[in-house]
Every structure is written in C-alpha cells, then in structure tokens.
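Structure, as structure tokens:
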Amino acid sequence: MKYLENVRTNTGFSVLARWCSFCLIVGSLQFSPALADTPYEDLLADEENGADWLSYSGGYQSHRFSPLNQINSANIDQLKVLWAYQMQPTSISGAGLQETTAVVADEVMYLTESPSSVTALDVRSGNLLWHWSPDLSNEVLNIGFPRINRGVAVLNDKVYVATLDARLFALDAGTGAVRWETQVAENSLGFSLTLAPLALDGKIIVGVSGAEAGVRAFVDAYDAETGEQLWRTFTVPAPGEPGSDTWQGDDWQTGGGSTWLTGSFDPELDLLYWTTGNPAPDWNGDLRPGDNLFTCSVLALDPDTGEMRWHFQYTPHDTHDWDANQIPVLIDAEFEGQQRKLLALANRNAFYYLLDRETGEFLLGEEYSYQTWAEGIDDNGRPIVIPNSEPSREGNLVWPSLQGATNWFSPSYNPQTEQFFVANRRMGAIYFKADAEYQPGQPFLGGGEQALDGDQASGAVIALDAMTSEQQWEFELLTPPWSGVMATAGGLVFGSSNEGQFFALDAASGNPVWNFNTGSHIRTNPMGFAVDGNQRVVIIGGQTLFVFGLE
Amino acid sequence: MPIKSTLRRFSPVKTVIHAGVLALLLCAPIPVFAQAMEGGEQLFQTHCARCHGILGEGGEGPSLKRPQLNHAADDTALLTVITGGIPGTGMPGSWMLSAADAQQLVTYVRALGELPDEPMPGDPAAGEIVYDAAGNCASCHILNGIGEGIGPQLNGVGARRNAEYLRRSVTSPEVEQPKVVDRFRGTLNAFLTVRIVSEYGSYEGMRVNEDAFTVQMRDLAGDFYSFEKAELISYDKAFGHSFMPGYASVLSETQIDDVVSYLMTLRD
C-alpha cells in the first residue's frame, strides 16, 4: 500500500477481513489477497513506505526513520493531538508500565499493553477493534525487569505476541482470535518474553529474558503458520562447541546471554542480526572466569538454520550488566572511502561501534558518553579495561550506571544525512559485588548498584555522525531518559522525557521546535504512519497513547 | 518557534509545599552493629538504605527502628513486604533478592526495631520554647498546622530522621537537604535554591519542579513562578545553599540540644 493512494474505509476493511478469515477456514474459495494481509514483500518495503509501520523498528534495517516530510519545522507549531487511547485496566499486579511500539498495517494499529495484551485500533478514530489478553497468572516470574511488553509482529493475516510467561501466540489479525500458541521456554526457570517478535519470510523470530535468573539463553525461530519450532541457537556454547573455551566447568549452564530485544535483518546477505545480554551472575565475575562468549555480543545468524556466521563481543566478561541488547542499525554507506554494509550500535557500555555486517570485522569503537571503565577500544574491538573498575564488596563508583549510557529504547538513523541519534543516559553508580548461588527460578545476581540519580545525573538526545561517531549536537534532558527517538524526512527528531514531554528537535541544530506535556512519564519509542495522505506521529505517556497530526 | 509566553506569575498563594517525601542521601559512613549481622547490614545498605536511611532511621520510606510495623505484623508478612513491596505505595518489591538474602533482611529489620531509642541530648520542653521563640522556626515551617510553609513540614520528623541528622539540619542546614524521590526521575533535591535572570528581572527561590524546557520556582514570599528555560538570560542551581539560617551562631549549645530533643519527640 502506498502513501497517498490509500483511501479506504474501515468498514470495507473489517468486513473483508472477516470474510477472508472465513475463506481460509473453509479452504475452498479462491480469493484475491485479503486486506488484513501483510505479506513478506510489504515487510521488505517497510522502510520506504511511510504510510505503514510494519515492524518494531519500522523496517528490517531498524532505522526507526519516518520517510514522511509533511510535518517539518515550518509547520510543527500546528501539530496537535487528534485522538488518544487509554490502556485497559489489568488485575495483574505490578503491570502498567507501557513500553510498546505500535505497528500500523492497512490502517489498523496493533499495540501491546502491559503485561502481555494486544489491542487493535482504527487509525482514523482511535476506536477499539479488538483487545486480547492471555491467561497470565499473578505468580508469573519476571526476574530483573518489570512486567512490560514491547510490541507485536505482523505477517500475512496474523499478529504475533510474546508473553511474560514465555509463550508465543499467533492471533488472527482481523479478530484477535488465537490461531496457535507455543511454549517457548519454562517461566518457572525465569525465562520470560517481553520483546516484539520479528517476522521474516514464513518465520517468527523471538529471544528471551532471564539472565538475572541464570538461564542459558537462545534465539528461536517458529513456523509462522503452524508455530512449529524451526531452530534454536543458544547464546552460550555447551562444552566442545565454538566459544566454549571462554567458560569454565559448568558455568555455561547458567551463563545468561539473554536475547530480549528485537534484531535486524539483511535480506540480501540473508543474515539475521541479534544482540545478547549479560553473563550470569551479573555483578560477580569471579563466579564465571573467561570472556563468557557469546554474551554482550551481536550474532549474525543464518535465518534458515540459526547457524552462527560470525559474532562480535562488545563487552568481554561483563561485570556491570551492560547487556548489548540495543538495536543493531544496518547502514549502507561510504566508510573511510569505501562503500560498505555496516552494522552500527550505540552500546550500553558508552561506546559507539561500527562493524562490517558481512564479516563481523570491527571498524570503529568510540566513546559517545562519559565513562570510567575503559581507556578505549583496541584495534580488534576489545575494550582496554581500566583496573579496579569492577564491582567490589565495599562498592565502586563507575560510569555509566548499570542501565548504561543508553539502553533498549531505540536510536534512529537518518540515511539522508547519515546522522545517528541516541537517547543518552548520563549517570554513574556504585557497584556492589556479593555472593550468588544458582537456584532455579531465583535471582542469580551477585551484587547490585546504588545509582547516582536525580540531580546527580542527567540525560540528552545526541546526534552523532554515523560514520565517525563525532557528536554534532546535544539536547539536554533533566534526568536520564528511558524512551527512544525517531527521525523523519521532515528534518525532525522526535524524543521524550521522564518528565512527560514529547518533543521535536531540529535535526540539523538540535534546537527544540515543539513540545507537548503528556502529563506522565514516557518510556517508549515514537513511531509514525500516515492515513489518507496525512502524516501521524505517535507516543505513549503513562497509560495514554497519543496520535498527533497537522489536521 | 512555538515556545511562547514568558514568565507567568501565579496569583500569590501561600501554599504549603507537600514536603512529605524526604530522603537521606547516601554519604554517611557504614555503621557496624555488634550483632553478627554483617550480611543483613550489607544487604540493607545496598537495597534499602536509599529510602529508609543508612541506619534505618527513615527517609523517603518510614523509619524501621520501630518494634511494631504497620504492614508487617509477623516475619512472614515482613518477608512479603520485602520481596513483593507494598502495592500502590513507594515501597518496591526487591526482586533481586535470593530467598536466603530476603530472610537475612527480615532478621536485620527486626533487629533495627529492637534498638533502644536514641538518648535525648537535652530537654524537649525547653526545646519547644526555643522553637517558638528564639529560633522563630514557625516563620518557615508548618508543624501541626501552624507556621509558614517555606521549608518542609516538620510533623513526624523525629520518626524520619535520627538525632545526628536533626542536629546537622539545625546547625548546618545546607548539608542536609531533603529530597523528593520520583519513581521515574530519581532523587531530586526538594528545596534546591535557584537563581534566575530573565528580561523581566532577577528571581531567587526554591525549585518546585523542572523539566527540559521549563522550571517552576517559589520565592520566600510564597509566590510561584514558571519560566521557559530557552528565554532566560541565566539559570543557576545553587546546590549546597539553604535559605534556613545556620543556628550554631544564633542559639547556645544548650538551646540546640533542647531543640534537637524537641524535634526527636515529633514522631507522627
């Protein structure tokens, strides 16, 4: 579906969608593609298609860039709320933090609500089309993170959601009815799923949380039609497997390496890029000597077999919980005079990295935020660690804090200007080391931190030259942010704050050109779409999703 | 650029700042109790002290140096409070604790409750007179509904703070500045002195709120102001400054002992 061409009523959509689901069930009638369809071809074109936003990061390259330019600094003062949606109440205790990125396919918005529900809305009116909740128990384990969910995947006529109790569901896109479900892993061991799944051609890819409970994590692929498991690739090798020499004894069995954030995909190279988190236990590295591969890494996987083509470890033997679960951004550009296929990542450990995404070759590693743990990155991409920067029994002050110089919330890349935008946390922490003993389904941490927060910390949105990491500007925030950014072809960068403002910055200067107080903390990423040729921008503040447009 | 409206002066309201939430910054040396409780103490300092004070004397969370706890009649209930938190309040569940660590904390919190009350350095009745007369404390503090709300309300301050803290508050107030703890923003100074110069003049007062774009301030007359940061000529945060006078040179040693003792009696 193309921008400006798409004028269709919702009535038409829903009737046809139901009709076509019916066709699928009886399996006899021939029918042209259903309107509730998001074929793989559309996902391939997601990046250029401004009307839809079909996957978590707005395309396989994960640019989180809206190619729409209707809203720009000349008219943004007319931007207003067109409709809002209030999240449904839930009886699950501790739920209610909203970190979802909505997707928009064929004029329907699909979002998740904490803890693991899915909602479909009409993008014109904001009216509810359907809402689905899994039968979650209050006793569900989520060890090391709150009861959140980051969104759905859409493919063909289904919507896919991963749940806190480690299940994967395929829902009928037209009605929310369950097509299939599968248990990805044992929640009682601390496995949990909070990420937006990634839909490839006929496959759904998911990863798991659980390193704070000492799980051995993996990336999984499921058949999109049946839910059958296609492959599983562990992020911590068993004895004898490549990388197993970076572990001792049985440490690998509880080694962590969670895969809790959506990855990226290069259809031409046919490589799937997935990031991994901390080794377990988090803060006591004495209990797991070695580099602890493939934790705190990015993995390049064959999407058909799960086979690992290459890996790059950002933080060997991490002791600060600096997961590498940030968005791997795929960039095609000229680096040092040579056209290259790159993978850019602004790491929680305060360094910005460029890799060759065909081979995994390390190209660049530069500090982008204040840190006190490494003198720099050597020619092989390995950090030159400053002695005594690990957690200690008495506590050791190190920058950044365990939540890192950035975190899961998305960066944005503008391919037109080669700018890389990051929501940056500027905060130190006193890291403690403690004993830890593995018990199934129990926290396995070995320490903790006391963050220097509030008035002792701050945040910013920063613009980097994606090819050099040189900082072009910064827009300072009062406190370290927990929400991502989205750049647009209109020369804007949208971002948000803990204080509740949703704002737009001029991408060239970093100057604020617009802001709106949502009235509550913001902990999600902006996204954008268009309806009837009109650009929309979306954010969630507190329990409310806001849709903005010029008219 | 749509950043409009400059200084807006609210109609003078002598509102009390809801000082309720006050927390102690972690800078005190780590005490060692004689009991064999190092494990619990270490855990308490890592996970609890930022809200309940390094000595359990209270901060954002209540003092735990009380033999009876409202939400924790027995040890099972206390364990539930520690691991699960108290829903709907600022007391978070400590997911990061192993079962053994949580049990150590139960023992430690109970031991805090057994600690004897701190001895009073002076005479609380005499201290009340100092509070009302020589100290003129009510010109800035509301206590039991009486006084002006420049500084924090002092109801219950004796339960929230220990004697050492109260003494420092009276003699060197700039050292102990109450914090407001926000779940999403962290620990912010609740009475931060700010100095602001705009094209309309110079302003000095205490920050009430702030974000990336604006700052709200209250001056000593109790008037609120709201500023767009982008329009200011200068904006300074005077960390370590207090509008409360240091009383070391105003009151005698005895008067200070007495007023500290009086503050210690303010337990609810």
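Labeling convention for the structure tokens: chains A, B, ... as they appear, residues from 1 per chain, ligands from 1 in order of appearance.
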Show me which bits of chain A are within 8 Å of chain B, counting only C-alpha atoms, as a list in words.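 Listed by rising number, the hits are Asp77, Ser93, Gly94, Ile143, Gly144, Phe432, Gln442, Pro443, Phe444, Leu445, Gly448, Glu449, Gln450, Asp453, Gly454, Asp455, Glu476, Leu477, Leu478, Thr479, Pro480, Ser497, Asn498, Glu499, Val513, Trp514 and His521 of chain A.
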Go through region 329-472 of chain A and collect every residue that DSSP, computed from the backbone, puts in strand (DSSP E or B); the answer should be as a VMD selection string. chain A and resid 329 to 335 338 to 346 351 to 356 362 to 367 374 to 377 383 to 385 392 396 to 398 412 to 414 419 to 426 429 to 433 447 to 451 458 to 465 471 to 472
Given only C-alpha atoms as the basis, pick out the residue of B:Glu41, B:Ser172, B:Gln216, B:Leu64 nearest to Arg195 (chain B).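 Counting only C-alpha atoms, the residue closest to Arg195 (chain B) is B:Gln216.
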Can you pull out every residue within 7 Å of region 43-54 of chain A, counting only C-alpha atoms, but drop anything in the same chain fewer than 5 positions away, and send it as an MDAnalysis selection string? chainID A and resid 2:3 59 66:68 103:106 154 528:531
Which is closest to Leu220 (chain B) among B:Gly246, B:Gly151, B:Glu176, B:Ser234, if we use only C-alpha atoms?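 Checking each candidate against Leu220 (chain B), we get B:Gly151 as the closest.
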Residues near Gly127 (chain B), cut-off 7 Å, only C-alpha atoms, skip fewer than 5 positions along chain, as an MDAnalysis selection string: chainID B and resid 255 258:259 261:262
Write a file of the just-selected residues containing N, CA and C atoms, as a PDB file, in the first residue's frame.
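Saved result, out20.pdb, follows:
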```
ATOM      1  N   GLN B 255      20.577  25.377  73.969  1.00  0.00           N
ATOM      2  CA  GLN B 255      19.354  25.598  73.195  1.00  0.00           C
ATOM      3  C   GLN B 255      19.288  24.638  72.004  1.00  0.00           C
ATOM      4  N   ASP B 258      18.403  21.258  73.191  1.00  0.00           N
ATOM      5  CA  ASP B 258      16.983  21.229  73.554  1.00  0.00           C
ATOM      6  C   ASP B 258      16.082  21.156  72.317  1.00  0.00           C
ATOM      7  N   VAL B 259      16.403  21.966  71.300  1.00  0.00           N
ATOM      8  CA  VAL B 259      15.519  21.975  70.133  1.00  0.00           C
ATOM      9  C   VAL B 259      15.637  20.641  69.371  1.00  0.00           C
ATOM     10  N   SER B 261      16.182  17.797  70.799  1.00  0.00           N
ATOM     11  CA  SER B 261      15.384  16.867  71.610  1.00  0.00           C
ATOM     12  C   SER B 261      13.902  17.039  71.312  1.00  0.00           C
ATOM     13  N   TYR B 262      13.490  18.281  71.166  1.00  0.00           N
ATOM     14  CA  TYR B 262      12.083  18.541  70.834  1.00  0.00           C
ATOM     15  C   TYR B 262      11.728  17.925  69.475  1.00  0.00           C
TER      16      TYR B 262
END
```
Nearest to Ile148 (chain A): which of A:Thr524, A:Gln439, A:Pro237, A:Trp83 is it, counting only C-alpha atoms?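 Closest to Ile148 (chain A) of all the choices is A:Thr524.
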Residues near Thr265 (chain B), cut-off 9 Å, only C-alpha atoms, skip fewer than 5 positions along chain, as a list in words: Pro124, Gly156, Val157, Gly158, Ala159 and Val260 of chain B
I'd like the contact shell of Ala138 (chain B) - 12 Å cut-off, only C-alpha atoms, skipping same-chain residues fewer than 2 positions apart - returned as a ChimeraX atom specification. /B:128-136,140-154,244
For Gln86 (chain A): contacts at 10 Å, only C-alpha atoms, fewer than 3 positions along chain excluded, given as a PyMOL selection string: chain A and resi 89+126+540-546
Considering only alpha helix (DSSP H) as DSSP defines it on the backbone, what residues of region 53-114 of chain B qualify? List them as a list in words. Asp75, Thr76, Ala77, Leu78, Leu79, Thr80, Val81, Ile82, Thr83, Gly84, Ala99, Ala100, Asp101, Ala102, Gln103, Gln104, Leu105, Val106, Thr107, Tyr108, Val109, Arg110, Ala111, Leu112, Gly113 and Glu114 of chain B
Taking C-alpha atoms for each residue, export the selection above as a PDB file, in the first residue's frame.
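Output file out-v1.pdb is given in full below:
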```
ATOM      1  CA  ASP B  75       8.006 -12.249  59.962  1.00  0.00           C
ATOM      2  CA  THR B  76       6.040 -13.876  57.147  1.00  0.00           C
ATOM      3  CA  ALA B  77       4.289 -10.596  56.435  1.00  0.00           C
ATOM      4  CA  LEU B  78       7.623  -8.779  56.626  1.00  0.00           C
ATOM      5  CA  LEU B  79       9.110 -11.179  54.085  1.00  0.00           C
ATOM      6  CA  THR B  80       6.191 -10.488  51.752  1.00  0.00           C
ATOM      7  CA  VAL B  81       6.661  -6.734  52.147  1.00  0.00           C
ATOM      8  CA  ILE B  82      10.364  -7.032  51.351  1.00  0.00           C
ATOM      9  CA  THR B  83      10.080  -9.282  48.314  1.00  0.00           C
ATOM     10  CA  GLY B  84       6.724  -8.087  46.961  1.00  0.00           C
ATOM     11  CA  ALA B  99      15.338 -16.380  49.420  1.00  0.00           C
ATOM     12  CA  ALA B 100      18.304 -16.548  51.806  1.00  0.00           C
ATOM     13  CA  ASP B 101      19.078 -12.843  51.415  1.00  0.00           C
ATOM     14  CA  ALA B 102      15.451 -11.865  51.953  1.00  0.00           C
ATOM     15  CA  GLN B 103      15.456 -13.908  55.168  1.00  0.00           C
ATOM     16  CA  GLN B 104      18.614 -12.133  56.347  1.00  0.00           C
ATOM     17  CA  LEU B 105      16.868  -8.821  55.773  1.00  0.00           C
ATOM     18  CA  VAL B 106      13.881  -9.909  57.837  1.00  0.00           C
ATOM     19  CA  THR B 107      16.238 -10.636  60.710  1.00  0.00           C
ATOM     20  CA  TYR B 108      18.031  -7.345  60.211  1.00  0.00           C
ATOM     21  CA  VAL B 109      14.862  -5.217  60.052  1.00  0.00           C
ATOM     22  CA  ARG B 110      13.559  -6.894  63.216  1.00  0.00           C
ATOM     23  CA  ALA B 111      16.860  -6.150  64.943  1.00  0.00           C
ATOM     24  CA  LEU B 112      16.567  -2.500  63.906  1.00  0.00           C
ATOM     25  CA  GLY B 113      13.239  -2.435  65.724  1.00  0.00           C
ATOM     26  CA  GLU B 114      14.893  -3.714  68.898  1.00  0.00           C
TER      27      GLU B 114
END
```
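Of note, CA of Tyr40 (chain A) and CA of Ala199 (chain A) are spaced 8.2 Å apart.
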